[in-house]
Amino acid sequence: MAAKQKKELTPTQQMVKTVLNWVVNILCIILIIFALVVAIFTIIRAANPDNITRVGDDCYFNVASNSMKPVFSKSDVIIAKAYNGKESDGKDLKVGVVITFKSSIRGSDGKLYEAFNSHRIIHINLDENDNVVSVNTRGDNQKGAWQDAIGTNDGSWDPTSVAVKDIVATWGSVDENLNFTTGKMLKGVGGLANFVQDPVSGKTRFFCIVVLPLILLFVIYAFILVRTLIIAKLDKERKVMGETAISLDTMTEEEKQLLMQQLLAANGGEQSAAPQDNAATTDVPAEDAVQTEQTEVAEPREDTDITETSSEDTAQSEQTEAAEPQEDAKSDGSAE
């Protein structure tokens, strides 16, 4: 049965196939870039002793709540300036500046986990020697402007007291008239990062969202590469066979006969070489050859003895046959 020919696509089907291939490739590229970015930032964060995603003096923090809305909201990423609270005396801190500090949150399993919180400074607490001991902070997502809460320390604005040593970064700046200038941030790009960096199940989510897709994409593209190489090799072989067929068709009869003679001569040389190889492999040692010849010489003697014995038996048989008529004759005469 003849092989079925591959059905050719119509121009419309070919265009749809091309568009789908482009869409799939673009989606794969976007997924790869996203997975690599998340993986890089996660590795940087894990390598930092304070578990901060830090590149130079820039610290990247995912906003996990709306406590500072409308300045920044959940799923935003703020890019704050690193602050070494452990070695600083805190005198460079200003009221109105947003700081990021270490805190703790309770996970879905009921355990406490270290986290980072970002709030605005509304009061600086000094000791009797005018040394900064701590600062009071609050989120902007409350009733009233943050400027109205400056200097208060009675808890009416739900402040949070933060030790200087726990401050890890500052964001934005304030002038003498309490005009606040926001820092750098990325709007709405931290949602998935918050999902991946969950303190309870973050590792499992990271594997499912980042590692597993990268493995699958690697396997798929490796398969496509191998398939492409095989197809290219087959096409090359078909092309060579086609060129050979074309060259045979263009040859004259004399050239074809000469080619046939060369092929037959080559095959004959191979066949003549084969018996020589067999002879070489069946060589018998000299001693075995001598014994074989002696055995072959001895065998005719036995045959001669057998022949002589047969001759004697034949002569006796003839004498017996000659004697039998004489006896018959004597018996006939006596009867008469």
# chains A, B, ... in the order shown; residues from 1 in each chain; ligands from 1

$ residues_around --residues "stretch 26-41 of chain A" --least-positions-apart "2" --cutoff "8 Å" --atoms "only C-alpha atoms" --output "short mmCIF file (atom, residue, chain, number, x, y, z; two decimals) with all heavy atoms, in the first residue's frame"
data_model
loop_
_atom_site.label_atom_id
_atom_site.label_comp_id
_atom_site.auth_asym_id
_atom_site.auth_seq_id
_atom_site.Cartn_x
_atom_site.Cartn_y
_atom_site.Cartn_z
N TRP A 22 3.51 31.83 17.18
CA TRP A 22 4.05 33.08 17.72
C TRP A 22 3.51 33.35 19.12
O TRP A 22 4.26 33.75 20.03
CB TRP A 22 3.71 34.23 16.78
CG TRP A 22 4.70 34.42 15.69
CD1 TRP A 22 4.59 34.04 14.38
CD2 TRP A 22 6.00 35.03 15.79
NE1 TRP A 22 5.70 34.38 13.66
CE2 TRP A 22 6.60 34.99 14.51
CE3 TRP A 22 6.71 35.60 16.83
CZ2 TRP A 22 7.86 35.49 14.26
CZ3 TRP A 22 7.98 36.11 16.58
CH2 TRP A 22 8.54 36.06 15.31
N VAL A 23 2.22 33.14 19.32
CA VAL A 23 1.61 33.39 20.63
C VAL A 23 2.21 32.47 21.69
O VAL A 23 2.56 32.90 22.80
CB VAL A 23 0.08 33.20 20.56
CG1 VAL A 23 -0.53 33.23 21.96
CG2 VAL A 23 -0.55 34.28 19.69
N VAL A 24 2.35 31.19 21.35
CA VAL A 24 2.92 30.23 22.31
C VAL A 24 4.36 30.59 22.64
O VAL A 24 4.78 30.57 23.81
CB VAL A 24 2.83 28.80 21.73
CG1 VAL A 24 3.60 27.83 22.62
CG2 VAL A 24 1.36 28.36 21.64
N ILE A 43 16.83 34.29 45.31
CA ILE A 43 18.19 33.87 45.68
C ILE A 43 18.93 35.00 46.39
O ILE A 43 19.62 34.79 47.40
CB ILE A 43 18.95 33.40 44.43
CG1 ILE A 43 18.31 32.11 43.89
CG2 ILE A 43 20.43 33.17 44.75
CD1 ILE A 43 18.87 31.69 42.54
N ILE A 44 18.79 36.24 45.86
CA ILE A 44 19.43 37.39 46.51
C ILE A 44 18.90 37.57 47.93
O ILE A 44 19.66 37.83 48.87
CB ILE A 44 19.21 38.66 45.67
CG1 ILE A 44 19.95 38.54 44.33
CG2 ILE A 44 19.68 39.90 46.43
CD1 ILE A 44 19.65 39.69 43.38
N ARG A 45 17.59 37.42 48.08
CA ARG A 45 16.97 37.58 49.40
C ARG A 45 17.45 36.50 50.37
O ARG A 45 17.72 36.78 51.55
CB ARG A 45 15.44 37.50 49.24
CG ARG A 45 14.66 37.71 50.53
CD ARG A 45 13.19 37.88 50.19
NE ARG A 45 12.38 38.02 51.38
CZ ARG A 45 11.64 37.06 51.90
NH1 ARG A 45 11.60 35.88 51.31
NH2 ARG A 45 10.93 37.27 52.97
N THR A 53 15.88 41.55 50.07
CA THR A 53 16.26 41.59 48.66
C THR A 53 16.96 42.93 48.42
O THR A 53 16.32 43.96 48.21
CB THR A 53 15.02 41.47 47.76
OG1 THR A 53 14.31 40.28 48.10
CG2 THR A 53 15.42 41.41 46.30
N ALA A 193 4.75 37.86 44.06
CA ALA A 193 5.90 37.70 44.96
C ALA A 193 5.43 37.50 46.39
O ALA A 193 6.00 36.69 47.13
CB ALA A 193 6.81 38.92 44.86
N ILE A 209 5.44 27.28 41.10
CA ILE A 209 5.24 28.43 40.20
C ILE A 209 6.51 28.76 39.40
O ILE A 209 6.42 29.21 38.26
CB ILE A 209 4.78 29.66 41.00
CG1 ILE A 209 3.39 29.39 41.58
CG2 ILE A 209 4.75 30.92 40.14
CD1 ILE A 209 2.87 30.51 42.44
N VAL A 210 7.67 28.51 39.98
CA VAL A 210 8.92 28.92 39.33
C VAL A 210 9.72 27.72 38.83
O VAL A 210 10.05 27.61 37.65
CB VAL A 210 9.76 29.77 40.30
CG1 VAL A 210 11.09 30.15 39.64
CG2 VAL A 210 9.01 31.02 40.71
N VAL A 211 10.05 26.81 39.74
CA VAL A 211 10.96 25.72 39.39
C VAL A 211 10.31 24.74 38.41
O VAL A 211 10.90 24.39 37.38
CB VAL A 211 11.42 24.99 40.66
CG1 VAL A 211 12.35 23.83 40.30
CG2 VAL A 211 12.14 25.96 41.60
N LEU A 214 9.91 25.99 34.79
CA LEU A 214 11.21 26.04 34.11
C LEU A 214 11.66 24.65 33.68
O LEU A 214 12.21 24.47 32.58
CB LEU A 214 12.25 26.67 35.03
CG LEU A 214 12.13 28.19 35.25
CD1 LEU A 214 13.19 28.66 36.24
CD2 LEU A 214 12.26 28.95 33.94
N LEU A 217 9.50 23.64 30.65
CA LEU A 217 9.92 24.37 29.45
C LEU A 217 11.25 23.83 28.92
O LEU A 217 11.44 23.72 27.70
CB LEU A 217 10.03 25.86 29.76
CG LEU A 217 8.70 26.61 29.92
CD1 LEU A 217 8.96 28.04 30.36
CD2 LEU A 217 7.92 26.61 28.61
#

$ select_by_dssp --residues "stretch 17-134 of chain A" --states "helix (DSSP H, G or I)" --output "PyMOL selection string"
chain A and resi 17-47

$ write_last_selection --atoms "N, CA and C atoms" --output "compact mmCIF listing (two decimals), in the first residue's frame"
# COMPACT_ATOMS: atom_id res chain seq x y z
N LYS A 17 -1.88 28.69 12.04
CA LYS A 17 -0.80 27.93 12.68
C LYS A 17 0.38 28.83 13.02
N THR A 18 0.73 29.72 12.11
CA THR A 18 1.85 30.64 12.36
C THR A 18 1.55 31.57 13.53
N VAL A 19 0.32 32.11 13.56
CA VAL A 19 -0.05 33.01 14.67
C VAL A 19 -0.02 32.28 16.00
N LEU A 20 -0.55 31.06 16.04
CA LEU A 20 -0.54 30.28 17.28
C LEU A 20 0.89 29.99 17.74
N ASN A 21 1.75 29.67 16.80
CA ASN A 21 3.16 29.42 17.17
C ASN A 21 3.80 30.67 17.77
N TRP A 22 3.51 31.83 17.18
CA TRP A 22 4.05 33.08 17.72
C TRP A 22 3.51 33.35 19.12
N VAL A 23 2.22 33.14 19.32
CA VAL A 23 1.61 33.39 20.63
C VAL A 23 2.21 32.47 21.69
N VAL A 24 2.35 31.19 21.35
CA VAL A 24 2.92 30.23 22.31
C VAL A 24 4.36 30.59 22.64
N ASN A 25 5.13 30.96 21.63
CA ASN A 25 6.53 31.33 21.87
C ASN A 25 6.64 32.58 22.74
N ILE A 26 5.79 33.58 22.49
CA ILE A 26 5.82 34.81 23.30
C ILE A 26 5.44 34.51 24.74
N LEU A 27 4.40 33.70 24.94
CA LEU A 27 4.00 33.34 26.31
C LEU A 27 5.11 32.58 27.02
N CYS A 28 5.76 31.68 26.32
CA CYS A 28 6.86 30.94 26.94
C CYS A 28 8.01 31.86 27.32
N ILE A 29 8.32 32.82 26.44
CA ILE A 29 9.40 33.77 26.75
C ILE A 29 9.05 34.62 27.96
N ILE A 30 7.79 35.09 28.02
CA ILE A 30 7.36 35.89 29.18
C ILE A 30 7.45 35.08 30.46
N LEU A 31 6.99 33.83 30.39
CA LEU A 31 7.04 32.97 31.58
C LEU A 31 8.47 32.72 32.02
N ILE A 32 9.36 32.51 31.05
CA ILE A 32 10.77 32.26 31.39
C ILE A 32 11.38 33.50 32.05
N ILE A 33 11.13 34.68 31.46
CA ILE A 33 11.68 35.91 32.04
C ILE A 33 11.14 36.13 33.45
N PHE A 34 9.83 35.96 33.62
CA PHE A 34 9.24 36.15 34.94
C PHE A 34 9.82 35.18 35.95
N ALA A 35 9.91 33.91 35.57
CA ALA A 35 10.44 32.90 36.49
C ALA A 35 11.89 33.19 36.85
N LEU A 36 12.68 33.63 35.88
CA LEU A 36 14.08 33.95 36.16
C LEU A 36 14.20 35.15 37.09
N VAL A 37 13.37 36.19 36.86
CA VAL A 37 13.42 37.38 37.73
C VAL A 37 13.06 37.00 39.16
N VAL A 38 11.97 36.25 39.32
CA VAL A 38 11.56 35.83 40.67
C VAL A 38 12.64 34.97 41.31
N ALA A 39 13.23 34.06 40.52
CA ALA A 39 14.27 33.20 41.06
C ALA A 39 15.50 34.00 41.49
N ILE A 40 15.89 34.99 40.68
CA ILE A 40 17.07 35.81 41.02
C ILE A 40 16.83 36.60 42.31
N PHE A 41 15.66 37.25 42.40
CA PHE A 41 15.38 38.04 43.60
C PHE A 41 15.24 37.15 44.83
N THR A 42 14.70 35.96 44.65
CA THR A 42 14.57 35.03 45.78
C THR A 42 15.94 34.57 46.25
N ILE A 43 16.83 34.29 45.31
CA ILE A 43 18.19 33.87 45.68
C ILE A 43 18.93 35.00 46.39
N ILE A 44 18.79 36.24 45.86
CA ILE A 44 19.43 37.39 46.51
C ILE A 44 18.90 37.57 47.93
N ARG A 45 17.59 37.42 48.08
CA ARG A 45 16.97 37.58 49.40
C ARG A 45 17.45 36.50 50.37
N ALA A 46 17.57 35.28 49.88
CA ALA A 46 18.02 34.19 50.76
C ALA A 46 19.49 34.33 51.12
N ALA A 47 20.31 34.94 50.24
CA ALA A 47 21.73 35.09 50.51
C ALA A 47 22.03 36.22 51.48

$ residues_around --residues "A:Arg120" --least-positions-apart "3" --cutoff "6 Å" --atoms "only C-alpha atoms" --output "list in words"
Gly96, Val97, Val98, Thr137 and Arg138 of chain A

$ atom_distance --atom1 "atom CA of A:Cys59" --atom2 "atom CA of A:Ala115"
14.2 Å

$ residues_around --residues "A:Asn141" --least-positions-apart "5" --cutoff "8 Å" --atoms "only C-alpha atoms" --output "list in words"
Asn66, Ser67, Met68, Lys69 and Pro70 of chain A

$ residues_around --residues "stretch 181-188 of chain A" --least-positions-apart "3" --cutoff "6 Å" --atoms "only C-alpha atoms" --output "list in words"
Ser75, Asp76, Val77, Ile78, Ile79, Trp171, Gly172 and Ser173 of chain A

$ atom_distance --atom1 "atom CA of A:Lys165" --atom2 "atom CA of A:Leu126"
14.3 Å

$ select_by_dssp --residues "stretch 32-150 of chain A" --states "strand (DSSP E or B)" --output "PyMOL selection string"
chain A and resi 53-55+58-62+77-82+98-106+112-126+132-138

$ residues_around --residues "A:Phe195" --least-positions-apart "3" --cutoff "12 Å" --atoms "only C-alpha atoms" --output "list in words"
Val38, Asn62, Val63, Ala64, Lys74, Ser75, Val189, Gly190, Gly191, Leu192, Asp198, Pro199, Val200, Ser201, Gly202, Lys203, Thr204, Arg205, Phe206, Cys208, Ile209 and Val210 of chain A

$ write_last_selection --atoms "C-alpha atoms" --output "compact mmCIF listing (two decimals), in the first residue's frame"
# COMPACT_ATOMS: atom_id res chain seq x y z
CA VAL A 38 11.56 35.83 40.67
CA ASN A 62 6.71 43.75 48.67
CA VAL A 63 3.81 45.59 50.28
CA ALA A 64 1.58 43.00 51.96
CA LYS A 74 -0.91 46.05 48.71
CA SER A 75 1.00 44.29 45.89
CA VAL A 189 4.03 43.96 40.58
CA GLY A 190 4.45 42.40 44.01
CA GLY A 191 1.26 40.36 44.24
CA LEU A 192 2.70 37.10 43.00
CA ASP A 198 4.42 33.24 52.17
CA PRO A 199 6.16 32.26 55.43
CA VAL A 200 4.25 28.99 55.80
CA SER A 201 4.01 27.50 52.31
CA GLY A 202 6.32 29.78 50.34
CA LYS A 203 8.81 27.03 49.41
CA THR A 204 6.12 24.78 47.97
CA ARG A 205 4.60 27.66 46.01
CA PHE A 206 8.01 28.72 44.73
CA CYS A 208 5.23 24.93 41.74
CA ILE A 209 5.24 28.43 40.20
CA VAL A 210 8.92 28.92 39.33

$ atom_distance --atom1 "atom CA of A:Asn131" --atom2 "atom CA of A:Asp166"
16.0 Å
